[in-house]
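Asker: Pasting structure_10.json here (JSON, C-alpha atoms):
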[["chain", "number", "residue", "atom", "x", "y", "z"],
["A", 105, "MET", "CA", 4.09, -64.83, 54.61],
["A", 106, "GLY", "CA", 0.31, -65.03, 54.24],
["A", 107, "LYS", "CA", -1.46, -66.66, 51.32],
["A", 108, "GLU", "CA", -3.75, -63.69, 50.71],
["A", 109, "THR", "CA", -2.75, -61.11, 48.12],
["A", 110, "TYR", "CA", -3.61, -57.44, 47.97],
["A", 111, "ARG", "CA", -5.33, -57.69, 44.59],
["A", 112, "ARG", "CA", -6.80, -60.19, 42.14],
["A", 113, "PHE", "CA", -4.68, -61.26, 39.20],
["A", 114, "ASP", "CA", -5.28, -59.04, 36.15],
["A", 115, "PRO", "CA", -3.19, -59.83, 33.04],
["A", 116, "TRP", "CA", -4.21, -56.55, 31.40],
["A", 117, "ARG", "CA", -3.38, -54.07, 34.15],
["A", 118, "VAL", "CA", -1.12, -51.10, 33.35],
["A", 119, "ALA", "CA", 2.37, -52.14, 32.25],
["A", 120, "PRO", "CA", 5.32, -51.19, 34.50],
["A", 121, "VAL", "CA", 7.39, -50.18, 31.45],
["A", 122, "VAL", "CA", 6.96, -47.81, 28.51],
["A", 123, "GLU", "CA", 8.22, -48.74, 25.05],
["A", 124, "GLU", "CA", 10.37, -45.92, 23.66],
["A", 125, "SER", "CA", 11.53, -47.29, 20.31],
["A", 126, "ARG", "CA", 11.68, -50.46, 18.22],
["A", 127, "LYS", "CA", 13.71, -51.49, 15.19],
["A", 128, "THR", "CA", 13.90, -54.77, 13.31],
["A", 129, "VAL", "CA", 17.45, -56.16, 13.36],
["A", 130, "LEU", "CA", 16.76, -59.49, 11.66],
["A", 131, "GLY", "CA", 13.89, -60.47, 9.38],
["A", 132, "GLY", "CA", 12.66, -63.85, 8.21],
["A", 133, "HIS", "CA", 9.57, -65.63, 6.94],
["A", 134, "TYR", "CA", 8.48, -67.14, 10.26],
["A", 135, "PHE", "CA", 10.16, -64.77, 12.73],
["A", 136, "THR", "CA", 11.67, -61.32, 13.00],
["A", 137, "VAL", "CA", 13.92, -60.03, 15.77],
["A", 138, "ASP", "CA", 13.27, -56.53, 17.10],
["A", 139, "GLN", "CA", 15.52, -54.47, 19.33],
["A", 140, "VAL", "CA", 13.19, -52.65, 21.70],
["A", 141, "SER", "CA", 14.06, -49.82, 24.09],
["A", 142, "TYR", "CA", 12.03, -49.48, 27.27],
["A", 143, "ASP", "CA", 11.86, -47.12, 30.21],
["A", 144, "SER", "CA", 10.91, -48.22, 33.71],
["A", 145, "ARG", "CA", 10.19, -46.08, 36.74],
["A", 146, "ASP", "CA", 12.02, -48.64, 38.89],
["A", 147, "ILE", "CA", 15.15, -49.43, 36.84],
["A", 148, "GLY", "CA", 15.35, -46.74, 34.16],
["A", 149, "HIS", "CA", 16.25, -47.33, 30.51],
["A", 150, "PHE", "CA", 16.97, -50.83, 29.14],
["A", 151, "ASP", "CA", 16.95, -52.73, 25.82],
["A", 152, "ARG", "CA", 15.60, -56.16, 24.94],
["A", 153, "TYR", "CA", 15.65, -58.33, 21.81],
["A", 154, "ILE", "CA", 12.15, -59.62, 21.09],
["A", 155, "LEU", "CA", 11.46, -62.56, 18.80],
["A", 156, "HIS", "CA", 8.30, -61.68, 16.88],
["A", 157, "LYS", "CA", 6.29, -64.54, 15.40],
["A", 158, "ASN", "CA", 4.93, -63.78, 11.91],
["A", 159, "ASN", "CA", 1.83, -65.21, 10.21],
["A", 160, "GLY", "CA", -0.25, -66.02, 13.27],
["A", 161, "ASP", "CA", -0.04, -68.82, 15.79],
["A", 162, "SER", "CA", 2.15, -71.86, 15.54],
["A", 163, "VAL", "CA", -0.02, -74.98, 15.36],
["A", 164, "GLY", "CA", 0.29, -78.49, 16.78],
["A", 165, "VAL", "CA", -2.08, -81.41, 16.19],
["A", 166, "ILE", "CA", -2.52, -84.72, 17.97],
["A", 167, "GLY", "CA", -4.88, -87.54, 17.06],
["A", 168, "LEU", "CA", -5.74, -91.15, 17.72],
["A", 169, "THR", "CA", -5.88, -93.75, 14.98],
["A", 170, "ASP", "CA", -8.81, -96.19, 14.83],
["A", 171, "ASP", "CA", -6.80, -98.64, 16.90],
["A", 172, "GLY", "CA", -6.10, -96.03, 19.59],
["A", 173, "LEU", "CA", -2.54, -95.04, 18.74],
["A", 174, "ILE", "CA", -0.95, -91.59, 18.68],
["A", 175, "PRO", "CA", 1.20, -90.97, 15.57],
["A", 176, "LEU", "CA", 4.36, -88.99, 16.40],
["A", 177, "ILE", "CA", 7.07, -87.77, 14.05],
["A", 178, "GLU", "CA", 10.75, -88.50, 14.69],
["A", 179, "GLN", "CA", 12.85, -85.44, 13.83],
["A", 180, "TYR", "CA", 16.41, -84.22, 14.22],
["A", 181, "ARG", "CA", 16.47, -80.72, 15.73],
["A", 182, "VAL", "CA", 19.69, -78.87, 14.98],
["A", 183, "ALA", "CA", 19.29, -76.20, 17.69],
["A", 184, "VAL", "CA", 19.39, -78.79, 20.49],
["A", 185, "HIS", "CA", 21.48, -81.39, 18.59],
["A", 186, "ARG", "CA", 19.15, -84.31, 19.26],
["A", 187, "TRP", "CA", 16.38, -86.45, 17.84],
["A", 188, "THR", "CA", 12.91, -85.71, 19.14],
["A", 189, "LEU", "CA", 9.46, -87.30, 19.08],
["A", 190, "GLU", "CA", 6.83, -84.65, 18.41],
["A", 191, "ILE", "CA", 3.25, -84.19, 17.38],
["A", 192, "PRO", "CA", 2.84, -82.77, 13.85],
["A", 193, "ALA", "CA", 3.27, -79.01, 13.96],
["A", 194, "GLY", "CA", 4.06, -75.96, 11.87],
["A", 195, "HIS", "CA", 3.19, -72.46, 10.74],
["A", 196, "ALA", "CA", 1.07, -70.77, 8.11],
["A", 197, "ILE", "CA", 2.95, -70.62, 4.82],
["A", 198, "LYS", "CA", 0.70, -68.09, 3.13],
["A", 199, "ALA", "CA", -1.46, -65.18, 4.21],
["A", 200, "GLY", "CA", -4.93, -66.25, 5.21],
["A", 201, "GLU", "CA", -4.06, -69.88, 6.01],
["A", 202, "ARG", "CA", -6.16, -70.62, 9.08],
["A", 203, "PRO", "CA", -4.88, -72.62, 12.09],
["A", 204, "THR", "CA", -7.22, -75.50, 11.18],
["A", 205, "ASP", "CA", -5.77, -75.49, 7.65],
["A", 206, "VAL", "CA", -2.25, -75.63, 9.07],
["A", 207, "ALA", "CA", -3.23, -78.49, 11.40],
["A", 208, "GLN", "CA", -4.76, -80.49, 8.54],
["A", 209, "ARG", "CA", -1.75, -79.83, 6.26],
["A", 210, "LYS", "CA", 0.83, -80.79, 8.88],
["A", 211, "LEU", "CA", -1.10, -83.93, 9.82],
["A", 212, "VAL", "CA", -0.86, -85.06, 6.18],
["A", 213, "GLU", "CA", 2.73, -83.90, 5.60],
["A", 214, "GLU", "CA", 4.26, -85.25, 8.79],
["A", 215, "VAL", "CA", 2.34, -88.42, 9.75],
["A", 216, "GLY", "CA", 0.30, -89.20, 6.63],
["A", 217, "TYR", "CA", -3.29, -88.80, 7.86],
["A", 218, "THR", "CA", -6.29, -86.61, 7.17],
["A", 219, "ALA", "CA", -8.88, -85.80, 9.83],
["A", 220, "SER", "CA", -12.63, -85.49, 9.47],
["A", 221, "HIS", "CA", -12.79, -83.11, 12.44],
["A", 222, "LEU", "CA", -10.39, -80.80, 14.30],
["A", 223, "THR", "CA", -11.03, -79.39, 17.78],
["A", 224, "GLN", "CA", -8.82, -76.73, 19.38],
["A", 225, "PHE", "CA", -8.25, -77.62, 23.03],
["A", 226, "CYS", "CA", -5.40, -75.35, 24.11],
["A", 227, "ARG", "CA", -3.48, -72.17, 23.27],
["A", 228, "PHE", "CA", -0.32, -71.17, 25.10],
["A", 229, "ILE", "CA", 2.54, -68.66, 25.03],
["A", 230, "ASN", "CA", 5.78, -70.43, 24.18],
["A", 231, "THR", "CA", 8.43, -68.19, 25.79],
["A", 232, "PRO", "CA", 6.85, -64.96, 27.04],
["A", 233, "SER", "CA", 10.15, -63.62, 28.37],
["A", 234, "TYR", "CA", 11.44, -62.87, 24.86],
["A", 235, "SER", "CA", 8.94, -64.02, 22.22],
["A", 236, "THR", "CA", 5.45, -63.19, 20.95],
["A", 237, "GLN", "CA", 4.91, -66.78, 19.77],
["A", 238, "TYR", "CA", 1.65, -68.53, 20.67],
["A", 239, "THR", "CA", 0.86, -72.15, 19.84],
["A", 240, "ALA", "CA", -2.66, -73.48, 19.25],
["A", 241, "LEU", "CA", -3.18, -77.21, 19.81],
["A", 242, "PHE", "CA", -5.80, -79.30, 18.02],
["A", 243, "PHE", "CA", -7.19, -82.78, 18.50],
["A", 244, "ALA", "CA", -7.77, -84.60, 15.21],
["A", 245, "SER", "CA", -10.55, -87.19, 15.04],
["A", 246, "GLY", "CA", -11.72, -89.43, 12.24],
["A", 247, "LEU", "CA", -8.20, -90.15, 10.99],
["A", 248, "THR", "CA", -7.84, -91.82, 7.60],
["A", 249, "PRO", "CA", -4.59, -92.53, 5.72],
["A", 250, "ALA", "CA", -3.74, -89.82, 3.21],
["A", 251, "SER", "CA", -3.27, -90.69, -0.45],
["A", 252, "PRO", "CA", 0.26, -91.44, -1.74],
["A", 253, "GLN", "CA", 0.13, -88.15, -3.67],
["A", 254, "GLU", "CA", -0.49, -86.24, -0.41],
["A", 255, "ALA", "CA", 1.93, -88.19, 1.78],
["A", 256, "PRO", "CA", 4.77, -90.05, 0.05],
["A", 257, "GLU", "CA", 5.69, -93.55, 1.24],
["A", 258, "GLU", "CA", 9.14, -92.53, 2.52],
["A", 259, "LEU", "CA", 7.40, -90.42, 5.16],
["A", 260, "ARG", "CA", 6.29, -93.57, 6.98],
["A", 261, "SER", "CA", 9.80, -94.41, 8.19],
["A", 262, "SER", "CA", 9.79, -91.34, 10.45],
["A", 263, "VAL", "CA", 6.36, -92.00, 12.03],
["A", 264, "ARG", "CA", 6.17, -93.81, 15.37],
["A", 265, "TYR", "CA", 2.94, -95.07, 16.96],
["A", 266, "PHE", "CA", 2.26, -95.20, 20.69],
["A", 267, "THR", "CA", -0.71, -95.78, 22.97],
["A", 268, "PRO", "CA", -1.58, -92.79, 25.16],
["A", 269, "GLU", "CA", -0.15, -94.74, 28.11],
["A", 270, "GLU", "CA", 3.17, -95.37, 26.32],
["A", 271, "ALA", "CA", 3.44, -91.74, 25.21],
["A", 272, "HIS", "CA", 2.64, -90.57, 28.75],
["A", 273, "LYS", "CA", 5.41, -92.77, 30.16],
["A", 274, "MET", "CA", 7.86, -91.21, 27.69],
["A", 275, "VAL", "CA", 6.81, -87.77, 28.91],
["A", 276, "LEU", "CA", 7.42, -88.79, 32.52],
["A", 277, "ASN", "CA", 10.81, -90.42, 31.86],
["A", 278, "GLY", "CA", 12.09, -87.52, 29.75],
["A", 279, "THR", "CA", 12.14, -89.24, 26.36],
["A", 280, "ILE", "CA", 9.64, -86.70, 25.01],
["A", 281, "LEU", "CA", 10.85, -83.17, 25.84],
["A", 282, "ASP", "CA", 9.01, -81.03, 23.28],
["A", 283, "ALA", "CA", 6.60, -78.76, 25.20],
["A", 284, "LYS", "CA", 3.67, -78.77, 22.76],
["A", 285, "SER", "CA", 3.85, -82.56, 22.53],
["A", 286, "ILE", "CA", 3.94, -82.92, 26.31],
["A", 287, "ILE", "CA", 0.84, -80.72, 26.71],
["A", 288, "ALA", "CA", -1.06, -82.58, 23.98],
["A", 289, "ILE", "CA", -0.11, -86.06, 25.22],
["A", 290, "GLN", "CA", -1.07, -85.18, 28.80],
["A", 291, "ARG", "CA", -4.47, -83.98, 27.63],
["A", 292, "VAL", "CA", -5.18, -87.11, 25.57],
["A", 293, "TYR", "CA", -3.88, -89.38, 28.35],
["A", 294, "GLU", "CA", -6.04, -87.73, 31.01],
["A", 295, "SER", "CA", -9.27, -87.63, 28.99],
["A", 296, "PRO", "CA", -9.06, -89.91, 25.92],
["A", 297, "ASN", "CA", -12.81, -90.63, 25.79],
["A", 298, "HIS", "CA", -13.70, -86.94, 25.99],
["A", 299, "MET", "CA", -11.21, -86.10, 23.25],
["A", 300, "VAL", "CA", -12.54, -88.78, 20.91],
["A", 301, "GLN", "CA", -16.16, -87.71, 21.41],
["A", 302, "ASN", "CA", -15.26, -84.19, 20.29]]
What would the structure in this file look like if it were written as structure tokens?
Answerer:
Amino acid sequence: MGKETYRRFDPWRVAPVVEESRKTVLGGHYFTVDQVSYDSRDIGHFDRYILHKNNGDSVGVIGLTDDGLIPLIEQYRVAVHRWTLEIPAGHAIKAGERPTDVAQRKLVEEVGYTASHLTQFCRFINTPSYSTQYTALFFASGLTPASPQEAPEELRSSVRYFTPEEAHKMVLNGTILDAKSIIAIQRVYESPNHMVQN
């Protein structure tokens, strides 16, 4: 088979299916689940359940402390029944909360830092086969410890610090499995000086 294709890639070309109907079967604050009926010229009628992300993009944020360490949060995730190491991340909790606001809030809430500057460096689709969820990733620079009122002392027991090299090794050996964290760590590992200058 040749390497040439008959057309250039176009993500916005005409869809091969037509949406016939949609109804919400489960609603929540962060997500709703819709049952959607489609028709396709090739396979006919079929239904899918689509997870619809509410309140804008999910947000993840990674930063380097003054001594060059990445703060990660240790969390137990019930869906996969395991502890994970992740970058701070979350969702808007009120209408109009911007992604940078979410990044700043989660940085304080989860690892106890504020940032003087936030730079978005990536945006990706989480699971395009069944979800509308996008995640925006930010690099946080100028980290300073948050006040005790913003980030209580008990938070510190869940924060782990790693050099970019150590975090990268944990990505490669499968210790860190969270996708947004893998993407962010790879970016910082591959271009730490560029990230800091932003």
Asker: Phe243 in chain A: which residues within 6 Å, counting all atoms listed in the file, same-chain residues fewer than 2 positions away excluded, as a list of chain:residue names?
Answerer: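 The filter keeps A:Val165, A:Ile166, A:Gly167, A:Leu222, A:Thr223.
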Asker: Distance CA of Glu178 in chain A-CA of Thr231 in chain A, one decimal place?
Answerer: 23.3 Å
Asker: Nearest to Gly172 in chain A: which of A:Gly160, A:Pro232, A:Pro268, A:Pro249 is it, counting all atoms listed in the file?
Answerer: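 Using all atoms listed in the file, Gly172 in chain A sits closest to A:Pro268.
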Asker: Using CA of Arg227 in chain A and CA of Arg202 in chain A as the two end points, give the distance in Å to one decimal.
Answerer: 14.5 Å
Asker: From the options A:Thr204, A:Tyr234, A:Lys107, A:Glu213, which residue's atoms come nearest to Gln139 in chain A, counting all atoms listed in the file?
Answerer: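 Ranking A:Thr204, A:Tyr234, A:Lys107, A:Glu213 by distance to Gln139 in chain A, first place goes to A:Tyr234.
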Asker: So the first atom is CA of Asp282 in chain A and the second is CA of Ser235 in chain A; what is the distance between them in Å, to one decimal place?
Answerer: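 CA of Ser235 in chain A lies 17.0 Å from CA of Asp282 in chain A.
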Asker: Please return as a list in words every residue within 6 Å of (-2.2, -89.5, 13.0), taking into account only C-alpha atoms and the file's own coordinates.
Answerer: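 Result, sorted by chain then residue number: Gly167, Thr169, Pro175, Val215 and Tyr217 of chain A.
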Asker: Measuring atom to atom with all atoms listed in the file, identify which of A:Lys284, A:His272, A:Phe242, A:Val122 is nearest to Ile147 in chain A.
Answerer: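 Once distances to Ile147 in chain A are computed over all atoms listed in the file, the minimum belongs to A:Val122.
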